[in-house]
$ cat start_2.txt   # compact mmCIF, C-alpha atoms and all ligand atoms
# COMPACT_ATOMS: atom_id res chain seq x y z
CA MET W 632 56.93 147.56 134.27
CA ASP W 633 53.36 146.46 134.93
CA GLU W 634 53.22 143.25 137.04
CA LYS W 635 49.72 142.42 135.84
CA LYS W 636 50.68 142.75 132.17
CA LEU W 637 53.74 140.58 132.76
CA GLU W 638 51.60 137.94 134.46
CA ALA W 639 49.12 137.95 131.56
CA LEU W 640 51.96 137.74 129.05
CA MET W 641 53.55 134.78 130.83
CA GLY W 642 50.17 133.05 131.03
CA GLY W 643 49.79 133.46 127.27
CA LEU W 644 53.32 132.19 126.68
CA ILE W 645 52.65 129.09 128.76
CA GLY W 646 49.62 128.47 126.55
CA HIS W 647 51.76 128.80 123.40
CA MET W 648 54.46 126.47 124.74
CA ASN W 649 51.91 123.89 125.87
CA GLY W 650 50.24 124.12 122.45
CA ALA W 651 53.50 123.49 120.61
CA MET W 652 54.19 120.35 122.65
CA VAL W 653 50.60 119.10 122.47
CA CYS W 654 50.75 119.32 118.66
CA LEU W 655 53.76 117.01 118.79
CA SER W 656 51.96 114.72 121.20
CA MET W 657 48.89 114.59 118.88
CA TRP W 658 51.17 113.72 115.97
CA LEU W 659 52.54 110.80 118.04
CA GLY W 660 49.04 109.68 118.99
CA ASP W 661 48.02 109.45 115.35
CA GLU W 662 51.28 107.97 114.08
CA LEU W 663 51.43 105.26 116.76
CA GLY W 664 47.71 104.44 116.51
CA PHE W 665 46.90 105.33 120.14
CA TYR W 666 43.80 107.38 119.30
CA ARG W 667 42.39 104.77 116.94
CA GLU W 668 42.99 102.07 119.53
CA MET W 669 41.28 104.10 122.29
CA ALA W 670 38.30 105.27 120.21
CA GLY W 671 35.02 103.79 121.40
CA THR W 672 36.68 101.33 123.77
CA GLY W 673 36.00 103.03 127.11
CA PRO W 674 38.54 103.43 129.93
CA ARG W 675 41.99 101.94 129.21
CA THR W 676 45.02 101.21 131.34
CA ALA W 677 48.37 102.51 130.17
CA ASP W 678 49.82 99.00 130.07
CA GLY W 679 46.81 97.73 128.10
CA LEU W 680 47.20 100.47 125.48
CA ALA W 681 50.95 99.81 125.27
CA SER W 682 50.55 96.08 124.72
CA LYS W 683 47.73 96.54 122.13
CA THR W 684 49.80 99.01 120.09
CA GLY W 685 53.14 97.24 120.57
CA CYS W 686 54.71 100.30 122.19
CA ASN W 687 56.92 100.87 125.22
CA ARG W 688 54.85 100.82 128.43
CA ARG W 689 56.74 103.54 130.22
CA LEU W 690 56.57 105.93 127.25
CA VAL W 691 52.88 105.23 126.66
CA ARG W 692 52.10 106.11 130.29
CA GLU W 693 53.98 109.42 129.88
CA TRP W 694 52.14 110.14 126.62
CA LEU W 695 48.76 109.44 128.24
CA ASP W 696 49.58 111.88 131.02
CA SER W 697 50.44 114.55 128.44
CA GLN W 698 47.05 113.94 126.80
CA ALA W 699 45.20 114.05 130.11
CA ALA W 700 46.97 117.29 131.09
CA ALA W 701 45.89 118.74 127.73
CA LYS W 702 42.30 117.61 128.43
CA LEU W 703 42.22 115.42 125.32
CA VAL W 704 41.66 112.26 127.38
CA THR W 705 40.15 111.96 130.84
CA TYR W 706 42.00 110.25 133.70
CA ASP W 707 40.22 108.27 136.42
CA PRO W 708 42.58 108.19 139.43
CA ALA W 709 40.55 105.55 141.30
CA ALA W 710 40.77 103.04 138.46
CA ASP W 711 44.07 104.41 137.05
CA THR W 712 42.55 104.44 133.56
CA TYR W 713 42.40 106.87 130.63
CA GLU W 714 39.48 107.41 128.27
CA LEU W 715 39.14 109.06 124.88
CA GLY W 716 35.63 110.53 124.76
CA PRO W 717 33.46 110.44 121.63
CA GLU W 718 34.08 114.10 120.72
CA ALA W 719 37.86 113.72 121.03
CA ALA W 720 37.66 110.50 119.02
CA LEU W 721 36.03 112.43 116.17
CA ALA W 722 38.80 115.03 116.13
CA LEU W 723 41.72 112.73 116.80
CA ALA W 724 40.90 109.16 115.69
CA ASP W 725 38.39 109.21 112.85
CA ASP W 726 40.05 110.38 109.64
CA THR W 727 36.69 110.54 107.86
CA SER W 728 35.11 112.93 110.36
CA PRO W 729 34.49 116.62 109.52
CA VAL W 730 36.63 117.72 112.49
CA PHE W 731 39.62 115.39 112.16
CA VAL W 732 42.90 117.24 112.91
CA SER W 733 45.54 114.99 114.46
CA ARG W 734 47.29 113.90 111.23
CA ALA W 735 47.81 117.51 110.15
CA MET W 736 50.24 118.04 113.02
CA CYS W 737 53.13 116.75 110.93
CA ALA W 738 52.90 119.94 108.82
CA MET W 739 53.89 121.90 111.93
CA GLY W 740 56.58 119.29 112.60
CA ALA W 741 58.05 120.01 109.17
CA MET W 742 58.47 123.69 110.04
CA TYR W 743 60.47 122.75 113.14
CA ILE W 744 62.56 120.21 111.21
CA ASP W 745 63.23 122.80 108.49
CA PHE W 746 64.25 125.48 110.99
CA PRO W 747 67.80 125.95 109.58
CA LYS W 748 66.43 126.44 106.05
CA VAL W 749 63.83 128.93 107.31
CA VAL W 750 66.51 130.86 109.22
CA ALA W 751 68.63 130.98 106.06
CA ALA W 752 65.64 132.33 104.10
CA PHE W 753 65.06 135.07 106.67
CA ARG W 754 68.75 136.04 106.58
CA GLY W 755 68.90 135.79 102.79
CA ASN W 756 66.54 136.76 99.98
CA GLY W 757 63.49 135.22 101.68
CA ALA W 758 63.22 132.35 99.19
CA LEU W 759 62.56 128.72 100.15
CA SER W 760 60.82 126.55 97.57
CA TRP W 761 57.92 124.28 98.56
CA GLY W 762 59.79 121.18 97.37
CA ASP W 763 62.82 121.93 99.58
CA HIS W 764 60.81 121.29 102.75
CA HIS W 765 60.68 118.00 104.68
CA PRO W 766 58.08 115.62 103.14
CA CYS W 767 56.01 115.89 106.35
CA LEU W 768 54.92 119.28 105.07
CA PHE W 769 53.29 117.76 102.01
CA SER W 770 51.31 115.06 103.84
CA GLY W 771 50.53 117.37 106.79
CA THR W 772 49.13 120.00 104.41
CA GLU W 773 47.03 117.34 102.73
CA TRP W 774 45.47 116.36 106.05
CA PHE W 775 45.20 119.94 107.32
CA PHE W 776 42.94 120.87 104.39
CA ARG W 777 41.41 117.51 103.47
CA THR W 778 39.02 117.52 106.43
CA GLY W 779 37.43 120.80 105.26
CA TYR W 780 37.28 119.71 101.62
CA ARG W 781 35.51 116.49 102.57
CA ALA W 782 33.07 118.37 104.81
CA TYR W 783 32.26 121.40 102.67
CA LEU W 784 33.56 121.31 99.11
CA THR W 785 30.75 119.47 97.37
CA THR W 786 28.09 120.06 100.03
CA GLN W 787 28.41 123.85 100.42
CA TRP W 788 31.17 125.50 98.38
CA ILE W 789 30.35 124.26 94.88
CA PRO W 790 26.57 124.70 95.44
CA SER W 791 27.31 128.32 96.45
CA LEU W 792 28.75 129.09 92.98
CA THR W 793 26.51 130.30 90.17
CA GLY W 794 25.44 127.41 87.91
CA VAL W 795 28.52 125.26 88.60
CA GLU W 796 26.96 122.30 90.43
CA GLU W 797 24.57 121.62 87.53
CA LYS W 798 27.47 121.62 85.05
CA LEU W 799 29.51 119.21 87.20
CA GLU W 800 26.55 116.89 87.60
CA SER W 801 25.94 116.70 83.87
CA GLY W 802 29.63 116.48 82.89
CA ALA W 803 32.21 119.29 82.98
CA THR W 804 35.98 119.65 82.65
CA VAL W 805 37.79 120.86 85.75
CA ALA W 806 41.36 121.96 86.50
CA ASP W 807 42.66 121.78 90.09
CA VAL W 808 45.72 124.05 90.04
CA GLY W 809 48.34 123.62 92.79
CA CYS W 810 46.55 120.39 93.69
CA GLY W 811 49.22 119.11 96.10
CA HIS W 812 48.32 115.54 97.04
CA GLY W 813 45.01 115.84 95.19
CA ALA W 814 42.75 115.90 98.27
CA SER W 815 40.31 118.34 96.64
CA THR W 816 40.51 116.65 93.22
CA VAL W 817 39.60 113.28 94.72
CA VAL W 818 36.65 114.71 96.70
CA MET W 819 35.21 116.38 93.58
CA ALA W 820 35.82 113.34 91.37
CA GLY W 821 33.97 111.16 93.89
CA ALA W 822 30.94 113.44 93.88
CA TYR W 823 30.63 114.17 90.15
CA PRO W 824 31.35 110.97 88.21
CA ARG W 825 30.30 112.45 84.86
CA SER W 826 32.95 115.19 85.02
CA ARG W 827 36.70 115.00 84.31
CA PHE W 828 39.27 116.40 86.71
CA HIS W 829 42.84 117.45 85.90
CA GLY W 830 45.22 118.16 88.78
CA PHE W 831 48.34 120.28 88.18
CA ASP W 832 51.19 121.07 90.55
CA PHE W 833 54.78 122.16 89.99
CA HIS W 834 56.03 119.68 92.66
CA PRO W 835 56.63 116.25 91.01
CA PRO W 836 56.47 114.10 94.20
CA SER W 837 53.04 115.60 95.03
CA ILE W 838 51.75 114.69 91.58
CA GLU W 839 52.91 111.09 92.10
CA THR W 840 51.09 110.93 95.46
CA SER W 841 47.93 112.39 93.86
CA LYS W 842 47.80 109.49 91.43
CA VAL W 843 48.02 107.03 94.33
CA ARG W 844 45.27 108.88 96.24
CA ALA W 845 42.98 108.82 93.17
CA SER W 846 43.58 105.12 92.72
CA GLU W 847 42.89 104.41 96.43
CA ALA W 848 39.61 106.34 96.12
CA GLY W 849 38.61 104.52 92.92
CA VAL W 850 38.47 107.69 90.78
CA SER W 851 41.46 107.13 88.45
CA ASP W 852 39.07 106.74 85.51
CA ARG W 853 38.04 110.42 85.73
CA THR W 854 41.23 112.10 86.99
CA THR W 855 44.64 112.96 85.54
CA PHE W 856 47.58 114.54 87.35
CA GLU W 857 50.44 116.35 85.66
CA VAL W 858 53.46 118.37 86.68
CA ALA W 859 52.82 121.94 85.50
CA SER W 860 53.10 125.44 86.92
CA ALA W 861 50.05 127.66 87.45
CA THR W 862 51.06 129.74 84.45
CA SER W 863 51.70 126.91 81.96
CA TYR W 864 49.12 124.08 82.19
CA PRO W 865 47.27 123.28 78.97
CA GLY W 866 43.57 122.69 78.20
CA LYS W 867 40.20 124.44 78.45
CA TYR W 868 38.02 124.14 81.55
CA ASP W 869 34.50 124.90 82.75
CA LEU W 870 35.85 125.24 86.28
CA ILE W 871 39.37 126.15 87.39
CA CYS W 872 40.09 125.74 91.10
CA PHE W 873 42.83 127.07 93.37
CA PHE W 874 42.64 125.45 96.78
CA ASP W 875 44.76 127.12 99.47
CA CYS W 876 47.59 127.70 97.02
CA LEU W 877 47.22 130.99 95.11
CA HIS W 878 48.99 132.95 97.84
CA ASP W 879 51.89 130.45 97.71
CA MET W 880 52.59 131.35 94.12
CA GLY W 881 55.19 133.85 92.96
CA ASP W 882 52.85 135.38 90.41
CA PRO W 883 49.21 135.11 91.53
CA THR W 884 48.12 137.69 88.94
CA GLY W 885 49.89 135.72 86.20
CA ALA W 886 48.17 132.55 87.49
CA ALA W 887 44.78 134.30 87.39
CA ARG W 888 45.55 135.63 83.89
CA HIS W 889 46.46 132.13 82.72
CA ALA W 890 43.22 130.82 84.24
CA ARG W 891 41.31 133.48 82.28
CA GLU W 892 42.91 132.20 79.07
CA ARG W 893 42.15 128.57 80.00
CA LEU W 894 38.45 129.09 80.88
CA ALA W 895 35.85 127.72 78.48
CA PRO W 896 33.06 130.21 77.61
CA GLY W 897 30.91 130.83 80.69
CA GLY W 898 33.54 129.22 82.93
CA THR W 899 34.20 129.93 86.61
CA VAL W 900 37.24 130.17 88.87
CA LEU W 901 36.81 128.81 92.39
CA LEU W 902 39.37 130.39 94.70
CA VAL W 903 39.66 128.95 98.20
CA GLU W 904 42.06 130.80 100.48
CA PRO W 905 42.74 130.78 104.23
CA PHE W 906 40.21 132.93 106.10
CA ALA W 907 41.40 136.46 106.83
CA HIS W 908 39.86 139.87 107.49
CA ASP W 909 40.98 142.63 105.11
CA ASP W 910 42.14 145.03 107.79
CA ARG W 911 45.42 143.86 109.37
CA ALA W 912 44.63 145.15 112.86
CA HIS W 913 41.15 143.57 112.78
CA ASN W 914 42.60 140.30 111.52
CA LEU W 915 45.23 140.23 114.29
CA GLU W 916 42.52 140.84 116.86
CA ALA W 917 39.59 138.80 115.58
CA ASN W 918 40.91 135.84 113.57
CA PRO W 919 41.49 132.90 115.94
CA MET W 920 43.72 131.18 113.33
CA ALA W 921 45.86 134.26 112.65
CA SER W 922 48.93 133.39 114.72
CA LEU W 923 49.08 129.89 113.23
CA LEU W 924 48.57 131.16 109.67
CA TYR W 925 51.00 134.11 109.87
CA THR W 926 53.65 131.73 111.24
CA ALA W 927 53.06 129.19 108.45
CA SER W 928 53.04 132.08 105.98
CA SER W 929 56.41 133.39 107.18
CA CYS W 930 58.04 129.93 107.15
CA VAL W 931 56.43 128.28 104.09
CA CYS W 932 53.95 130.22 101.92
CA THR W 933 55.74 133.56 101.53
CA PRO W 934 59.22 132.00 101.11
CA ASN W 935 57.80 129.78 98.36
CA SER W 936 56.30 132.80 96.61
CA LEU W 937 59.60 134.70 96.92
CA SER W 938 61.43 131.72 95.36
CA GLN W 939 59.45 132.07 92.10
CA ASP W 940 59.30 134.58 89.23
CA VAL W 941 57.71 137.91 90.22
CA GLY W 942 57.85 136.93 93.92
CA LEU W 943 54.77 138.90 94.99
CA GLY W 944 54.71 137.38 98.49
CA LEU W 945 50.96 137.75 98.92
CA GLY W 946 50.99 135.81 102.21
CA ALA W 947 48.48 133.35 103.65
CA GLN W 948 46.44 136.15 105.23
CA ALA W 949 45.86 138.23 102.11
CA GLY W 950 42.11 138.70 102.65
CA GLU W 951 39.34 139.24 100.14
CA ALA W 952 40.20 142.79 99.00
CA ARG W 953 43.76 141.93 97.96
CA LEU W 954 42.59 138.72 96.27
CA ARG W 955 39.92 140.69 94.40
CA LYS W 956 42.62 143.08 93.16
CA VAL W 957 44.64 140.11 91.81
CA PHE W 958 41.64 138.94 89.79
CA GLU W 959 40.66 142.42 88.62
CA ASP W 960 44.24 143.02 87.45
CA ALA W 961 44.01 139.71 85.54
CA GLY W 962 40.90 140.94 83.69
CA PHE W 963 38.05 139.29 85.60
CA GLY W 964 34.91 141.44 85.69
CA HIS W 965 33.11 139.53 88.40
CA PHE W 966 34.48 138.56 91.84
CA ARG W 967 32.44 137.73 94.93
CA ARG W 968 32.60 135.90 98.25
CA ALA W 969 30.41 132.85 97.72
CA ALA W 970 30.83 131.27 101.17
CA GLU W 971 33.14 131.14 104.17
CA THR W 972 34.11 128.87 107.05
CA PRO W 973 36.24 129.72 110.09
CA MET W 974 39.18 128.31 108.07
CA ASN W 975 38.50 129.48 104.52
CA LEU W 976 37.21 132.20 102.21
CA ILE W 977 35.40 130.77 99.18
CA LEU W 978 35.55 133.20 96.27
CA GLU W 979 34.08 133.06 92.79
CA ALA W 980 35.61 134.80 89.75
CA ARG W 981 34.06 134.97 86.29
CA LEU W 982 34.80 137.02 83.22
CA GLU W 983 31.30 138.51 82.99
C1 LIG D 1 49.53 124.82 100.64
S1 LIG D 1 49.72 123.68 99.32
C2 LIG D 1 48.03 123.29 98.90
C3 LIG D 1 47.91 122.01 98.15
C4 LIG D 1 46.49 121.57 97.80
N1 LIG D 1 45.81 122.51 96.94
C5 LIG D 1 45.69 121.34 99.05
O1 LIG D 1 44.79 122.15 99.33
O2 LIG D 1 45.93 120.36 99.76
C6 LIG D 1 50.25 124.71 98.00
C7 LIG D 1 50.53 123.93 96.70
O3 LIG D 1 50.82 124.86 95.66
C8 LIG D 1 51.82 124.30 94.85
N2 LIG D 1 52.46 125.42 94.11
C9 LIG D 1 53.15 126.45 94.61
N3 LIG D 1 53.54 127.28 93.64
C10 LIG D 1 53.07 126.75 92.48
C11 LIG D 1 53.11 127.17 91.13
N4 LIG D 1 53.71 128.31 90.78
N5 LIG D 1 52.52 126.40 90.20
C12 LIG D 1 51.87 125.24 90.56
N6 LIG D 1 51.80 124.80 91.83
C13 LIG D 1 52.38 125.56 92.78
C14 LIG D 1 52.74 123.59 95.83
O4 LIG D 1 53.57 122.64 95.20
C15 LIG D 1 51.73 123.00 96.79
O5 LIG D 1 51.37 121.71 96.41

$ encode --input "start_2.txt" --output "structure tokens"
Amino acid sequence: MDEKKLEALMGGLIGHMNGAMVCLSMWLGDELGFYREMAGTGPRTADGLASKTGCNRRLVREWLDSQAAAKLVTYDPAADTYELGPEAALALADDTSPVFVSRAMCAMGAMYIDFPKVVAAFRGNGALSWGDHHPCLFSGTEWFFRTGYRAYLTTQWIPSLTGVEEKLESGATVADVGCGHGASTVVMAGAYPRSRFHGFDFHPPSIETSKVRASEAGVSDRTTFEVASATSYPGKYDLICFFDCLHDMGDPTGAARHARERLAPGGTVLLVEPFAHDDRAHNLEANPMASLLYTASSCVCTPNSLSQDVGLGLGAQAGEARLRKVFEDAGFGHFRRAAETPMNLILEARLE
């Protein structure tokens, strides 16, 4: 037994345990409006924040201390006040900012709430369908990915594809497969008013929420949302998108094959998947999101895939080489990495 290794291990474990509780604390801060109330308002007393948000004074003081300990707010002992700095306000209070994260924490909450179902999947055939999770998963996923879509989708990802931006600007037909709450559909519809966007998802409550999101964003005139699986939606499209969902599907090759059949001549598939390196050992070592994504994959993505026909279980850390193989097997002759962010691989597939 190596004392030094044990010490390092325990230090890492303390970090993991703190992280788990700080995620919960961030979820509270967003849900109860603490971050929004503190943003841009300088130093605040605990009692002042409690009375402004209508929350219990004693609990708010405890929450503020958890935030200060996590270095998300600063504490001034002389004045006994807490302050949310401008950088933290961007990440925690401003849901239009390109780094907003706090509202996504409820996705992690869902995995804790669904613990008995996840345990049963591990002990059984591995299957747990997306729709059998707590609804926090659906809204948390929306917010987890929405920030990146708003920041990059129409500014970097679509421009990185060959000839696609021009088509969308002049008027194209687009399918957003596995659209969830329609975060990506709404962003694209806002940027390309001459195009038409059709969101499909096999989860009926998500499709209902998508329609609400499109209406809130004022893009209902150019969007439709329908319940359909990735291997059954109708229509012909200039662009077919899969945003952070192909790996969740039981039959990714079947979904890619169906996309091939649904592409209009000269059409493109935009595949956005969680960032991963191809080599497992390299990914474990070098991908800062790997522990989060492998955990989500083992509790949500892979069980959903195993609950469907074929049940490939690609996993949320498939990486470019395995994704390329899916598209080659489906008959696509062209597959390339068009862009990447620390969170996502942006891949382009075309028939020629
Ligand atoms: C991780 S979520 C991503 C949702 C959305 N694209 C986003 O980025 O916010 C995966 C989505 O894939 C959907 N899904 C899973 N399997 C599917 C299938 N076989 N056909 C259609 N949708 C599917 C789920 O219902 C869920 O909405």

$ closest_atom_pairs --input "start_2.txt" --of "chain W" --to "ligand LIG 1 (chain D)" --cutoff "9 Å" --atoms "all atoms listed in the file" --output "Markdown table"
| residue | atom | partner | partner_atom | distance |
| --- | --- | --- | --- | --- |
| W:Ser760 | CA | D:LIG1 | C9 | 8.2 |
| W:Trp761 | CA | D:LIG1 | O4 | 5.7 |
| W:Gly762 | CA | D:LIG1 | O4 | 6.7 |
| W:Leu768 | CA | D:LIG1 | C1 | 8.9 |
| W:Phe769 | CA | D:LIG1 | O5 | 7.1 |
| W:Ser770 | CA | D:LIG1 | O2 | 8.6 |
| W:Gly771 | CA | D:LIG1 | O2 | 8.9 |
| W:Thr772 | CA | D:LIG1 | O2 | 5.7 |
| W:Glu773 | CA | D:LIG1 | O2 | 4.4 |
| W:Trp774 | CA | D:LIG1 | O2 | 7.5 |
| W:Phe775 | CA | D:LIG1 | O2 | 7.6 |
| W:Phe776 | CA | D:LIG1 | O2 | 5.5 |
| W:Arg777 | CA | D:LIG1 | O2 | 6.5 |
| W:Tyr780 | CA | D:LIG1 | O1 | 8.2 |
| W:Asp807 | CA | D:LIG1 | N1 | 7.6 |
| W:Val808 | CA | D:LIG1 | C12 | 6.3 |
| W:Gly809 | CA | D:LIG1 | N6 | 3.8 |
| W:Cys810 | CA | D:LIG1 | N1 | 4.0 |
| W:Gly811 | CA | D:LIG1 | O5 | 3.4 |
| W:His812 | CA | D:LIG1 | O2 | 6.0 |
| W:Gly813 | CA | D:LIG1 | C4 | 6.5 |
| W:Ala814 | CA | D:LIG1 | O2 | 5.7 |
| W:Ser815 | CA | D:LIG1 | O1 | 6.5 |
| W:Thr816 | CA | D:LIG1 | N1 | 8.7 |
| W:Phe831 | CA | D:LIG1 | C12 | 6.5 |
| W:Asp832 | CA | D:LIG1 | N6 | 4.0 |
| W:Phe833 | CA | D:LIG1 | C12 | 4.3 |
| W:His834 | CA | D:LIG1 | O4 | 4.6 |
| W:Pro835 | CA | D:LIG1 | O4 | 8.2 |
| W:Ser837 | CA | D:LIG1 | O5 | 6.5 |
| W:Ile838 | CA | D:LIG1 | O5 | 8.5 |
| W:Val858 | CA | D:LIG1 | C12 | 8.0 |
| W:Ala859 | CA | D:LIG1 | C12 | 6.1 |
| W:Ser860 | CA | D:LIG1 | N5 | 3.5 |
| W:Ala861 | CA | D:LIG1 | N5 | 3.9 |
| W:Thr862 | CA | D:LIG1 | N5 | 6.8 |
| W:Ser863 | CA | D:LIG1 | N5 | 8.3 |
| W:Tyr864 | CA | D:LIG1 | C12 | 8.9 |
| W:Cys872 | CA | D:LIG1 | N1 | 8.8 |
| W:Phe873 | CA | D:LIG1 | N1 | 6.5 |
| W:Phe874 | CA | D:LIG1 | N1 | 4.3 |
| W:Asp875 | CA | D:LIG1 | O1 | 5.0 |
| W:Cys876 | CA | D:LIG1 | C6 | 4.1 |
| W:Leu877 | CA | D:LIG1 | O3 | 7.1 |
| W:His878 | CA | D:LIG1 | C6 | 8.3 |
| W:Asp879 | CA | D:LIG1 | C9 | 5.2 |
| W:Met880 | CA | D:LIG1 | N3 | 4.2 |
| W:Gly881 | CA | D:LIG1 | N4 | 6.1 |
| W:Asp882 | CA | D:LIG1 | N4 | 7.1 |
| W:Pro883 | CA | D:LIG1 | N4 | 8.2 |
| W:Ala886 | CA | D:LIG1 | N4 | 7.7 |
| W:Val903 | CA | D:LIG1 | O1 | 8.6 |
| W:Val931 | CA | D:LIG1 | C1 | 8.5 |
| W:Cys932 | CA | D:LIG1 | C1 | 7.1 |
| W:Asn935 | CA | D:LIG1 | N3 | 6.8 |
| W:Ser936 | CA | D:LIG1 | N3 | 6.8 |
| W:Gln939 | CA | D:LIG1 | N4 | 7.0 |
| W:Asp940 | CA | D:LIG1 | N4 | 8.5 |

$ closest_residue --input "start_2.txt" --among "W:Asn649, W:Thr804, W:Thr793, W:Asn914" --to "Ala895 of chain W" --atoms "only C-alpha atoms"
W:Thr804

$ closest_atom_pairs --input "start_2.txt" --of "segment 904-966 of chain W" --to "segment 741-750 of chain W" --cutoff "10 Å" --atoms "all atoms listed in the file" --output "CSV"
residue,atom,partner,partner_atom,distance
W:Thr926,CA,W:Met742,CA,9.5
W:Ala927,CA,W:Met742,CA,7.9
W:Ser929,CA,W:Val749,CA,8.7
W:Cys930,CA,W:Val749,CA,5.9
W:Val931,CA,W:Met742,CA,7.8
W:Pro934,CA,W:Val749,CA,8.3

$ write_last_selection --input "start_2.txt" --atoms "C-alpha atoms" --output "short mmCIF file (atom, residue, chain, number, x, y, z; two decimals), keeping the file's coordinate frame"
data_model
loop_
_atom_site.label_atom_id
_atom_site.label_comp_id
_atom_site.auth_asym_id
_atom_site.auth_seq_id
_atom_site.Cartn_x
_atom_site.Cartn_y
_atom_site.Cartn_z
CA THR W 926 53.65 131.73 111.24
CA ALA W 927 53.06 129.19 108.45
CA SER W 929 56.41 133.39 107.18
CA CYS W 930 58.04 129.93 107.15
CA VAL W 931 56.43 128.28 104.09
CA PRO W 934 59.22 132.00 101.11
#

$ residues_around --input "start_2.txt" --residues "Asn975 of chain W" --least-positions-apart "5" --cutoff "9 Å" --atoms "only C-alpha atoms" --output "list in words"
Gly779, Asp875, Val903, Glu904, Pro905, Phe906, Ala907 and Ala970 of chain W

$ residues_around --input "start_2.txt" --residues "Tyr868 of chain W" --least-positions-apart "4" --cutoff "12 Å" --atoms "all atoms listed in the file" --output "CSV table (one decimal) with C-alpha atoms, keeping the file's coordinate frame"
chain,number,residue,atom,x,y,z
W,795,VAL,CA,28.5,125.3,88.6
W,798,LYS,CA,27.5,121.6,85.0
W,799,LEU,CA,29.5,119.2,87.2
W,802,GLY,CA,29.6,116.5,82.9
W,803,ALA,CA,32.2,119.3,83.0
W,804,THR,CA,36.0,119.6,82.6
W,805,VAL,CA,37.8,120.9,85.8
W,806,ALA,CA,41.4,122.0,86.5
W,807,ASP,CA,42.7,121.8,90.1
W,808,VAL,CA,45.7,124.0,90.0
W,826,SER,CA,33.0,115.2,85.0
W,827,ARG,CA,36.7,115.0,84.3
W,828,PHE,CA,39.3,116.4,86.7
W,829,HIS,CA,42.8,117.4,85.9
W,830,GLY,CA,45.2,118.2,88.8
W,864,TYR,CA,49.1,124.1,82.2
W,872,CYS,CA,40.1,125.7,91.1
W,889,HIS,CA,46.5,132.1,82.7
W,890,ALA,CA,43.2,130.8,84.2
W,891,ARG,CA,41.3,133.5,82.3
W,892,GLU,CA,42.9,132.2,79.1
W,893,ARG,CA,42.2,128.6,80.0
W,894,LEU,CA,38.4,129.1,80.9
W,895,ALA,CA,35.8,127.7,78.5
W,896,PRO,CA,33.1,130.2,77.6
W,897,GLY,CA,30.9,130.8,80.7
W,898,GLY,CA,33.5,129.2,82.9
W,899,THR,CA,34.2,129.9,86.6
W,900,VAL,CA,37.2,130.2,88.9
W,901,LEU,CA,36.8,128.8,92.4

$ atom_distance --input "start_2.txt" --atom1 "atom CA of Ala912 of chain W" --atom2 "atom CA of Gly942 of chain W"
24.5 Å

$ decode --input "start_2.txt" --residues "segment 813-841 of chain W" --atoms "C-alpha atoms" --output "short mmCIF file (atom, residue, chain, number, x, y, z; two decimals), in the first residue's frame"
data_model
loop_
_atom_site.label_atom_id
_atom_site.label_comp_id
_atom_site.auth_asym_id
_atom_site.auth_seq_id
_atom_site.Cartn_x
_atom_site.Cartn_y
_atom_site.Cartn_z
CA GLY W 813 -36.10 21.40 -30.24
CA ALA W 814 -33.22 23.58 -28.98
CA SER W 815 -31.22 23.12 -32.20
CA THR W 816 -34.31 23.39 -34.44
CA VAL W 817 -35.26 26.73 -32.89
CA VAL W 818 -31.72 28.14 -33.23
CA MET W 819 -31.56 27.20 -36.93
CA ALA W 820 -35.09 28.44 -37.64
CA GLY W 821 -34.22 31.79 -36.07
CA ALA W 822 -31.14 32.21 -38.26
CA TYR W 823 -32.53 31.04 -41.62
CA PRO W 824 -36.07 32.38 -42.01
CA ARG W 825 -36.37 31.25 -45.65
CA SER W 826 -35.83 27.59 -44.76
CA ARG W 827 -38.27 25.05 -43.28
CA PHE W 828 -37.36 22.89 -40.30
CA HIS W 829 -38.95 19.58 -39.30
CA GLY W 830 -38.15 18.15 -35.87
CA PHE W 831 -38.67 14.42 -35.19
CA ASP W 832 -38.33 12.51 -31.95
CA PHE W 833 -39.76 9.21 -30.74
CA HIS W 834 -40.60 10.74 -27.31
CA PRO W 835 -44.08 12.39 -27.49
CA PRO W 836 -43.70 14.76 -24.47
CA SER W 837 -40.48 16.18 -26.00
CA ILE W 838 -42.29 16.88 -29.25
CA GLU W 839 -45.00 18.77 -27.34
CA THR W 840 -42.34 20.87 -25.56
CA SER W 841 -40.61 21.59 -28.90
#
